[in-house]
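Quick notes on the structure that follows.
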Amino acid sequence: MTEYRMDEAHAGLALDRGVQGILGRPLDRIDGPAKVTGAARYALEHRLEHLVWGVAITAPVGKGRVVAFDTANAEAMPGVLAIYAGDEALPRQTPVFGQDRAQPYDGTIDSWGEIVGVAIAESFEAARAAARAVIVTCATEDGIFATRDGEGDAFGPPEGALLPNIVKGDLDRAMAEAAVALDVDYSTPRQVHAAMEPHGTIAEWHGDKLTLRCSMQIFRQARPVLANSLGIAPEDIRLISPFIGGGFGGKNVSADALLAAVAAKRLGRPVKVALARAQIFHACYGRSDTYQRIRLAADAQGRLIGYGQDSLVSQKVGANSFEPVPLGAIALYRGEHRSFTTRVAPVNLVAHGPVRAPGEAVGMIALECAMDELARELGLDPIELRRRNEPERDPTTGRPFSSRRLIECFDEGARRFGWDRRERRREGEWLVGHGVATAARVNFLADSSARVTLTGEGRAIVETDMTDLGTGTYTILAQVAGEALGLPVESVDVRLGDSDFPTGAGSGGSFGAASSASSVALACDDIVRSLAAAMGATPEEMTLKDGHVIAGNRRVPLGDLVGDTPIVAIGTIHPGANNRRFSQAAHGAQFCEAWVNAVTGEVRVKRMLGVFDCGRILNHKTARSQAIGGMIWGLGYALHEEVHIDPRTGAIANRDFGEYHIPTNADVPQIEAWFVEEVDRHANPVGAKGIGELGISGAGAAVANAVFDACGVRVRDMPITPDKLLMGLPPI
Amino acid sequence: MLSRTEGAMHFTINGMQYDADIDVRTSLLDLLREHLGLAGSKKGCDHGQCGACTILVNGRRINACLTLAVMHQDDEIVTIEGLGTIDDLHPMQAAFVQHDGYQCGYCTPGQICSAVGMLDEVARGWPSHASADLARPIFDDDEISERMSGNLCRCSAYPNIVDAIREAHAASIESEQAA
C-alpha cells in the first residue's frame, strides 16, 4: 500500500528506472482486436435472463405542468408490462454537475423533453410503441427559451464555484490608455457531446444490491448521486463499464440509469433502458451558448497591459454550475489589468453541463480570434504577438508554472507547417489563407487508486475502476505497469470499469491518464520493493526486463521471486499542495490552412497541424489520436456545430445527426499532431498532463483565423457558415 | 394498432443459419443485437444517420437500423463478426488496429463493414461525388473520405480511418496482382 500526496515532486519511481522500453512507444491498443471484431461489450450488450425493455416517456412542452396522463392505450398493448408515469421515484432529467441527486418528478416541466415516465415491455418494439401511445397532457406556461431573454435575471458565480470572477487592476483605464485597444463581442452556440453510443443502462437487482451495466465516466462521482437518487447506500451499487462508446463529459449518471433501476426493482426483472437519439438532446445536458466580450489593451509594441474575457452564459433554472468561459485565459498572457467574469442567465432549456474542455473549448475560440485581430491592428505576425506576451509566471496568481513550453510549440509548429512560407492566394474559385492560435487547458490531478497483482506465472494484473472512453487507458496502464515491472504488455492484464475494483480517478477533465497512471506506478513501486527484498537487493540495484530481475550477477525470473502467493499492491495518489503552489496547464500551438469558395462561401479545411506540450507522453499513438480528435472538434465548432432552439417552444429543432452537423470524414483533411515532451514532475508522479481536451482548445480559432486570412471576413458569431461569409466576400 | 404477428423467421448470417421468433416490427439491427447476440453491429441513432449499424447484405453495405428483419430472410447477411475474429483478423480489421482508426470503438464495426463494402464498389468502378471522371474514378484519399462520410466518428479518428483503408486497399490490390 503506497499513498502519495502531491505536495512536492516525487523523488522517482521504479517506472523512471525502467528499461523495458515500452513507455511512450506508439503501441497498438491492447483492446483493439476486441473493438474491431465487435467482441468488445458495451453497456447495452449484455444478455441477461428475463431481461425486459424500457423506453422513456417525455413531456412535449418547454415550460408548464403535467395535467394528465392517458396510459390506457399503452397498457392494453401486447407485451406491455407496466407504464410508470407521473411517479415521484422517477428522475425528471439527468442530474448536472454539482447536483447531489436527480430532481424527482413532481409534475413541473422546466424544459422541453423532460422525462415523465417509462414504458416497460417484453420487447423493445412493444416498449417503444407503448411509450409513444401514452398521452401526456400539459398546461403550458411562458418560458425563457433564449440566453439573452434570461439576461435580466443573470447571476454571478455562486459561492464555491470552480471558477470565481477574477478582476485585477483597472481594465477600463488600461483600455483608455492603451496604444491599441480592441473591444469585440464573440458568441458561440449551444453544443452537444453527440457520443456515438447512446446513453443506456441495464439494471439488475439481487436483493438490495443493484448492478448497473452502464456507460459512466467517473464512478467516484456517480455512485453517491445514484445512491441519493434511489435512497440506497453507495456500497450497494455496483457499476460496470468496461467499454464506453464515447463520453466527452456527457456520460455520468443519466436518466436512463435511474429509470432502469426503479423499474427493475418494481418488476423484479432486469431492465434495459436506452434513450433514443432525439431524447438525448433533451434529457441530457449539453454546453451553453456563450456571449463573450473580449478586451485587449496593448502598448505600441504589442505587449498587453491588460485583457478581459467577460461572458454571459445560461443554465437551466434550478442549477447553478456554468460554462467557465475564461478558464484558458486566466494564466495565458501578460498584462497587469485583468477581468474574467461570467454571468449566468436562468433559462427553460436543456441543462448545461461539462462538455469536452469546459471553458477552453469555446473561450479560446473568442480569445484567440481576438488576438489575431490585435496582431493585424499592430501589423505583427500573430506568433510574434504571442511571443511578446509570454509571461514568466502566472500573471493572475503570481505562481510559477509547473511547466510551460508554449513558445517552443509555436516554433516547432511554424517550422513543420511552413508558417514563414505561407502565401495568401487564389486557386480558381478558392481563396486560400492561414491561421494560428494558442491552445491551453488547465491541468488537474484527481484521487486515484489501483491494485497491481504480480503472479507466480510472472503476469501482472492491473485493476482500478478507472474507465476507458476510447482514450487508450487500457493500453497506457499496461505500458506503465510493464515498464515499471519489466514486462512486455502481453504479460499485463488491465481490468477497468468495475466499481468492485479500487476507486480510480475516472475519466474527465483530462485528469484520467496522469492520475490513474500515477496510482499504477505507485503500486508497482511497492511490488518492486517486495521483489527487492526477495532478491536481497535494493530496488535501485535491480534491473527489471522481459520478466526477469537482474541484480549483481544474478538473473531471476519474476515468477520465481513471487512464489506461490501473488504479490498484491495498491497505489494511491492524492492531489496536494502542488495544485496551489504551481500554475498547471498543458499548452500547444494550432495551425490551419483554410480554403474559402469565392462564389459560395463554402469553407474547406485543407491542413491542420498542432504541436502540444502535455508532459510525458505515455503512448504516442493514442496521444496523437486524442490530439487530432480534439482538433477536429475545434473544426466542427468553427464551421458546423450549432443547436437550434425553436423560440416558440424551447425544443431543439435539430435533434439528430442529420441536422446537428458534427464533422464527417469528408470535412476533415489529414491532420498532424506533434508533442514537445517534458516530464512534469510538479504535476504528478508520472509527469504526464492532460491531452484529451487540449486538442480542441484554440483549434476552432486557428480555423476561423485562416478563414479571415483567406477572404477578409471576420465572423464573430460561431459557427462560420457560408451565409455569414457571402456578403463580405470580395467581388468574383 | 401495429401488427403483433409473431412467428419463426429464418436468417443466414455469416454463413450460419438462425431461427428467431420476433415481432415483425424488429429492425434487422435489433434482430442482431437483441435476439441473436451479434452485438458487434452498433446502434448509434436508429435513424440511418450515423452508420454505426452498417452491415453487408448480399455484399452491399446498408444501415441495418433502416430495414426490417422480416425482409431479409432470403439474404446473405455478413456482420462484423463474420469478417474476422480476434485471433484471425480481416485485413481491414488489422489495418484499423495498426492505424488506430478508432478511439471508443463504437462506430468501428460499422466503419469496417462500410469500408469493405466501399472497396467492392470501387472495384466495380462505381463513381462517387468526389470522382472527377464518373466513368473512371481514381481511388485516392478524397474518394475514401467522400465514400466513408456516411459513417460518423465523434472521437474523430477520420485521418487514421483513411490511413487504414488506404493501406488495406493497397494490400488487396497487391495480393490480387500476386494471384
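Residue numbering restarts at 1 in every chain; chains get A, B, ... in the order shown in the C-alpha cells, and ligands count up from 1 in that same order.
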Distance-based interface of chain A with chain B, 8 Å, counting only C-alpha atoms, as a PyMOL selection string: chain A and resi 28-29+32-41+45+47+78+125+194-198+243-246+276-277+468-472+621-622+625-626+628-630+632-633+656-658+662-666+668-671
Excluding Leu445 in chain A and residues on its chain fewer than 2 positions from it, collect all residues at most 12 Å away from it, counting only C-alpha atoms, and give them as a PyMOL selection string. chain A and resi 5-7+442-443+447-448+504-519+572-580+584-585+682-690
If we count only C-alpha atoms and set the cut-off at 10 Å, which residues sit around Arg173 in chain A, ignoring sequence neighbours fewer than 4 positions away in its own chain? Please answer as a ChimeraX atom specification. /A:169,177-178,297,306,337
Counting only C-alpha atoms, the option among A:Thr538, A:Asn705, A:Ser187, A:Asn597 closest to Ala437 in chain A: A:Asn705
In chain B, DSSP helix (DSSP H, G or I) residues written as an MDAnalysis selection string: chainID B and resid 28:35 64:66 69:72 80:83 91:98 108:123 141:147 158:178
Writer output for current selection, C-alpha atoms, as a tab-separated table (two decimals), in the first residue's frame:
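Full text of again36.tsv as output:
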```
chain	number	residue	atom	x	y	z
B	28	LEU	CA	-32.52	-6.02	-38.82
B	29	LEU	CA	-30.20	-4.28	-36.36
B	30	ASP	CA	-32.32	-5.15	-33.34
B	31	LEU	CA	-32.55	-8.73	-34.55
B	32	LEU	CA	-28.77	-8.97	-34.50
B	33	ARG	CA	-28.20	-7.12	-31.25
B	34	GLU	CA	-31.16	-8.08	-29.12
B	35	HIS	CA	-32.08	-11.55	-30.32
B	64	ALA	CA	-29.30	-2.27	-40.54
B	65	CYS	CA	-31.42	0.10	-38.46
B	66	LEU	CA	-33.38	1.24	-41.50
B	69	ALA	CA	-35.55	-8.14	-40.27
B	70	VAL	CA	-38.55	-9.83	-41.83
B	71	MET	CA	-37.47	-8.55	-45.27
B	72	HIS	CA	-34.11	-10.33	-45.17
B	80	ILE	CA	-18.51	-7.59	-38.25
B	81	GLU	CA	-18.45	-10.97	-36.50
B	82	GLY	CA	-18.31	-12.61	-39.93
B	83	LEU	CA	-15.30	-10.69	-41.19
B	91	PRO	CA	-7.06	-7.28	-43.27
B	92	MET	CA	-9.35	-4.26	-42.82
B	93	GLN	CA	-9.70	-5.00	-39.11
B	94	ALA	CA	-5.94	-5.37	-38.77
B	95	ALA	CA	-5.39	-2.09	-40.59
B	96	PHE	CA	-7.76	-0.28	-38.21
B	97	VAL	CA	-5.79	-1.63	-35.23
B	98	GLN	CA	-2.45	-0.68	-36.74
B	108	THR	CA	-15.77	0.91	-35.60
B	109	PRO	CA	-17.62	-2.23	-36.71
B	110	GLY	CA	-19.78	-0.03	-38.93
B	111	GLN	CA	-16.74	1.78	-40.30
B	112	ILE	CA	-15.04	-1.52	-41.10
B	113	CYS	CA	-18.08	-3.13	-42.75
B	114	SER	CA	-18.64	0.09	-44.67
B	115	ALA	CA	-15.01	0.18	-45.79
B	116	VAL	CA	-15.17	-3.43	-47.02
B	117	GLY	CA	-18.38	-2.71	-48.92
B	118	MET	CA	-16.97	0.53	-50.26
B	119	LEU	CA	-13.83	-1.10	-51.68
B	120	ASP	CA	-16.05	-3.53	-53.53
B	121	GLU	CA	-17.97	-0.58	-55.03
B	122	VAL	CA	-14.66	0.93	-56.09
B	123	ALA	CA	-13.59	-2.35	-57.65
B	141	ASP	CA	-7.91	9.98	-50.10
B	142	ASP	CA	-10.67	12.31	-51.25
B	143	GLU	CA	-12.59	9.33	-52.60
B	144	ILE	CA	-12.14	7.43	-49.34
B	145	SER	CA	-13.33	10.40	-47.30
B	146	GLU	CA	-16.31	11.04	-49.53
B	147	ARG	CA	-17.38	7.42	-49.70
B	158	TYR	CA	-11.08	10.14	-39.57
B	159	PRO	CA	-7.45	10.71	-40.63
B	160	ASN	CA	-6.50	7.34	-39.15
B	161	ILE	CA	-9.52	5.65	-40.72
B	162	VAL	CA	-8.41	6.99	-44.11
B	163	ASP	CA	-4.89	5.69	-43.47
B	164	ALA	CA	-6.24	2.26	-42.56
B	165	ILE	CA	-8.47	1.97	-45.61
B	166	ARG	CA	-5.79	3.26	-47.97
B	167	GLU	CA	-3.43	0.60	-46.70
B	168	ALA	CA	-5.97	-2.22	-46.74
B	169	HIS	CA	-6.88	-1.27	-50.31
B	170	ALA	CA	-3.26	-1.22	-51.43
B	171	ALA	CA	-2.68	-4.60	-49.79
B	172	SER	CA	-5.70	-6.10	-51.51
B	173	ILE	CA	-4.53	-4.81	-54.92
B	174	GLU	CA	-1.10	-6.26	-54.27
B	175	SER	CA	-2.43	-9.65	-53.31
B	176	GLU	CA	-4.70	-9.64	-56.38
B	177	GLN	CA	-1.75	-8.88	-58.63
B	178	ALA	CA	0.30	-11.60	-56.95
```
Residue neighbourhood Ala135 in chain B, 12 Å, only C-alpha atoms, exclusion window fewer than 6 positions, as number ranges by chain: B: 122, 124-128
Using only C-alpha atoms, which residues sit within 6 Å of Ile77 in chain B once same-chain residues fewer than 5 positions away are excluded, as an NGL selection string? :B and (13 or 56-57)
Those residues you just picked out, can you put them in a file as a short mmCIF file (atom, residue, chain, number, x, y, z; two decimals), in the first residue's frame with C-alpha atoms?
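File result_9.cif, as written:
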```cif
data_model
loop_
_atom_site.label_atom_id
_atom_site.label_comp_id
_atom_site.auth_asym_id
_atom_site.auth_seq_id
_atom_site.Cartn_x
_atom_site.Cartn_y
_atom_site.Cartn_z
CA ILE B 13 -25.83 -14.65 -41.14
CA LEU B 56 -23.23 -6.24 -45.64
CA VAL B 57 -26.38 -7.69 -47.19
#
```
Name the residues in contact with range 53-66 of chain A at a cut-off of 8 Å, using only C-alpha atoms, excluding same-chain residues fewer than 2 positions from it; report them as a short mmCIF file (atom, residue, chain, number, x, y, z; two decimals) with N, CA and C atoms, in the first residue's frame.
```cif
data_model
loop_
_atom_site.label_atom_id
_atom_site.label_comp_id
_atom_site.auth_asym_id
_atom_site.auth_seq_id
_atom_site.Cartn_x
_atom_site.Cartn_y
_atom_site.Cartn_z
N LEU A 51 -34.68 -10.46 -19.21
CA LEU A 51 -34.49 -9.02 -19.45
C LEU A 51 -35.71 -8.43 -20.14
N ALA A 68 -52.35 15.64 -17.00
CA ALA A 68 -52.93 14.29 -17.02
C ALA A 68 -52.10 13.35 -17.87
N PHE A 69 -52.15 12.10 -17.52
CA PHE A 69 -51.58 11.03 -18.35
C PHE A 69 -52.73 10.14 -18.79
N ALA A 85 -45.68 6.39 -14.91
CA ALA A 85 -45.75 7.78 -15.37
C ALA A 85 -46.23 8.64 -14.23
N GLY A 107 -44.24 16.89 -11.51
CA GLY A 107 -45.26 17.50 -12.36
C GLY A 107 -44.82 18.79 -13.01
N THR A 108 -43.73 19.37 -12.50
CA THR A 108 -43.22 20.61 -13.10
C THR A 108 -42.38 20.27 -14.33
N ILE A 109 -42.56 21.05 -15.36
CA ILE A 109 -41.73 20.88 -16.55
C ILE A 109 -40.99 22.20 -16.78
N ASP A 110 -39.67 22.14 -16.75
CA ASP A 110 -38.88 23.36 -16.91
C ASP A 110 -38.07 23.39 -18.20
N SER A 111 -38.10 22.32 -18.96
CA SER A 111 -37.50 22.40 -20.30
C SER A 111 -38.12 21.30 -21.15
N TRP A 112 -38.09 21.53 -22.45
CA TRP A 112 -38.71 20.59 -23.40
C TRP A 112 -38.09 19.20 -23.25
N GLY A 113 -38.97 18.19 -23.27
CA GLY A 113 -38.46 16.83 -23.30
C GLY A 113 -38.03 16.28 -21.96
N GLU A 114 -38.45 16.92 -20.88
CA GLU A 114 -38.17 16.33 -19.56
C GLU A 114 -38.84 14.97 -19.47
N ILE A 115 -38.25 14.12 -18.66
CA ILE A 115 -38.77 12.76 -18.52
C ILE A 115 -39.95 12.76 -17.54
N VAL A 116 -41.00 12.09 -17.95
CA VAL A 116 -42.18 12.00 -17.08
C VAL A 116 -42.59 10.55 -16.83
N GLY A 117 -41.89 9.61 -17.45
CA GLY A 117 -42.26 8.22 -17.22
C GLY A 117 -41.43 7.26 -18.05
N VAL A 118 -41.77 5.98 -17.91
CA VAL A 118 -41.09 4.96 -18.70
C VAL A 118 -42.07 3.82 -18.97
N ALA A 119 -42.03 3.33 -20.20
CA ALA A 119 -42.88 2.20 -20.59
C ALA A 119 -42.02 0.94 -20.62
N ILE A 120 -42.51 -0.11 -19.96
CA ILE A 120 -41.74 -1.34 -19.87
C ILE A 120 -42.51 -2.46 -20.58
N ALA A 121 -41.77 -3.21 -21.41
CA ALA A 121 -42.42 -4.28 -22.16
C ALA A 121 -41.45 -5.43 -22.40
N GLU A 122 -42.03 -6.53 -22.88
CA GLU A 122 -41.24 -7.73 -23.13
C GLU A 122 -40.28 -7.56 -24.31
N SER A 123 -40.60 -6.62 -25.19
CA SER A 123 -39.70 -6.38 -26.32
C SER A 123 -39.47 -4.88 -26.47
N PHE A 124 -38.38 -4.54 -27.14
CA PHE A 124 -38.09 -3.13 -27.41
C PHE A 124 -39.20 -2.52 -28.26
N ALA A 127 -42.22 -1.77 -26.14
CA ALA A 127 -41.98 -0.66 -25.22
C ALA A 127 -41.99 0.67 -25.96
N ARG A 128 -41.40 0.67 -27.15
CA ARG A 128 -41.36 1.90 -27.94
C ARG A 128 -42.77 2.33 -28.35
N ALA A 131 -44.60 3.63 -25.24
CA ALA A 131 -44.16 4.96 -24.81
C ALA A 131 -44.79 6.04 -25.68
N ARG A 132 -44.87 5.74 -26.98
CA ARG A 132 -45.46 6.72 -27.90
C ARG A 132 -46.97 6.83 -27.71
N VAL A 134 -48.61 6.74 -24.90
CA VAL A 134 -49.01 7.45 -23.68
C VAL A 134 -49.25 8.92 -24.05
N VAL A 136 -49.50 12.56 -22.88
CA VAL A 136 -49.12 13.44 -21.77
C VAL A 136 -49.74 14.81 -22.03
N THR A 137 -50.68 15.19 -21.18
CA THR A 137 -51.32 16.49 -21.36
C THR A 137 -50.69 17.49 -20.38
N CYS A 138 -50.26 18.62 -20.92
CA CYS A 138 -49.58 19.61 -20.09
C CYS A 138 -50.27 20.96 -20.21
N ALA A 139 -50.23 21.72 -19.13
CA ALA A 139 -50.60 23.13 -19.18
C ALA A 139 -49.32 23.90 -19.48
N THR A 140 -49.37 24.70 -20.51
CA THR A 140 -48.17 25.41 -20.96
C THR A 140 -48.05 26.77 -20.27
N GLU A 141 -46.85 27.10 -19.89
CA GLU A 141 -46.59 28.43 -19.34
C GLU A 141 -45.54 29.12 -20.20
N ASP A 142 -45.43 30.44 -20.04
CA ASP A 142 -44.41 31.16 -20.80
C ASP A 142 -43.04 30.80 -20.25
N GLY A 143 -42.15 30.47 -21.15
CA GLY A 143 -40.81 30.10 -20.72
C GLY A 143 -39.77 31.05 -21.28
N PHE A 145 -36.69 30.95 -23.45
CA PHE A 145 -36.12 29.99 -24.39
C PHE A 145 -34.88 30.51 -25.10
N ASP A 256 -31.51 7.43 -17.88
CA ASP A 256 -31.79 6.03 -18.21
C ASP A 256 -31.40 5.08 -17.07
N LEU A 259 -34.15 5.33 -14.45
CA LEU A 259 -35.39 4.69 -14.94
C LEU A 259 -35.25 3.17 -14.87
N ALA A 260 -34.12 2.67 -15.33
CA ALA A 260 -33.91 1.23 -15.36
C ALA A 260 -33.87 0.66 -13.94
N VAL A 271 -33.85 -4.70 -16.30
CA VAL A 271 -34.46 -3.78 -17.27
C VAL A 271 -33.37 -3.03 -18.03
N LYS A 272 -33.59 -2.94 -19.32
CA LYS A 272 -32.68 -2.19 -20.19
C LYS A 272 -33.39 -0.94 -20.67
N VAL A 273 -32.78 0.20 -20.43
CA VAL A 273 -33.34 1.46 -20.95
C VAL A 273 -32.26 2.18 -21.74
N ALA A 274 -32.57 2.48 -22.98
CA ALA A 274 -31.68 3.33 -23.79
C ALA A 274 -32.47 4.55 -24.19
N LEU A 275 -31.85 5.71 -24.08
CA LEU A 275 -32.51 6.92 -24.57
C LEU A 275 -32.37 6.95 -26.08
N ASN A 348 -35.26 28.21 -19.56
CA ASN A 348 -36.05 26.97 -19.65
C ASN A 348 -35.56 26.15 -20.83
N LEU A 349 -34.30 25.79 -20.76
CA LEU A 349 -33.70 24.99 -21.82
C LEU A 349 -32.95 23.84 -21.18
N THR A 649 -41.20 27.14 -28.56
CA THR A 649 -41.46 26.03 -27.63
C THR A 649 -40.27 25.68 -26.74
N GLY A 650 -39.09 26.13 -27.10
CA GLY A 650 -37.91 25.73 -26.35
C GLY A 650 -37.40 24.36 -26.74
N ALA A 651 -37.98 23.75 -27.75
CA ALA A 651 -37.50 22.45 -28.21
C ALA A 651 -36.27 22.63 -29.09
#
```
If you count only C-alpha atoms, which residues fall within 7 Å of Ala627 in chain A, apart from same-chain ones fewer than 3 positions away, as a short mmCIF file (atom, residue, chain, number, x, y, z; two decimals) with C-alpha atoms, in the first residue's frame?
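The resulting file, result-v9.cif, is shown below:
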```cif
data_model
loop_
_atom_site.label_atom_id
_atom_site.label_comp_id
_atom_site.auth_asym_id
_atom_site.auth_seq_id
_atom_site.Cartn_x
_atom_site.Cartn_y
_atom_site.Cartn_z
CA ALA A 623 -1.90 10.50 -27.63
CA ARG A 624 -1.82 11.60 -31.25
CA GLY A 630 -9.81 17.31 -30.30
CA MET A 631 -8.60 19.39 -33.25
CA ALA A 673 -0.15 16.40 -34.22
CA ILE A 691 -4.33 15.65 -23.68
CA GLY A 692 -7.96 14.89 -24.41
CA GLY A 695 -6.52 19.49 -28.85
#
```
I need the residues of range 412-443 of chain A that end up classed as strand (DSSP E) by DSSP on the backbone, written out as an MDAnalysis selection string. chainID A and resid 425:427 430:442
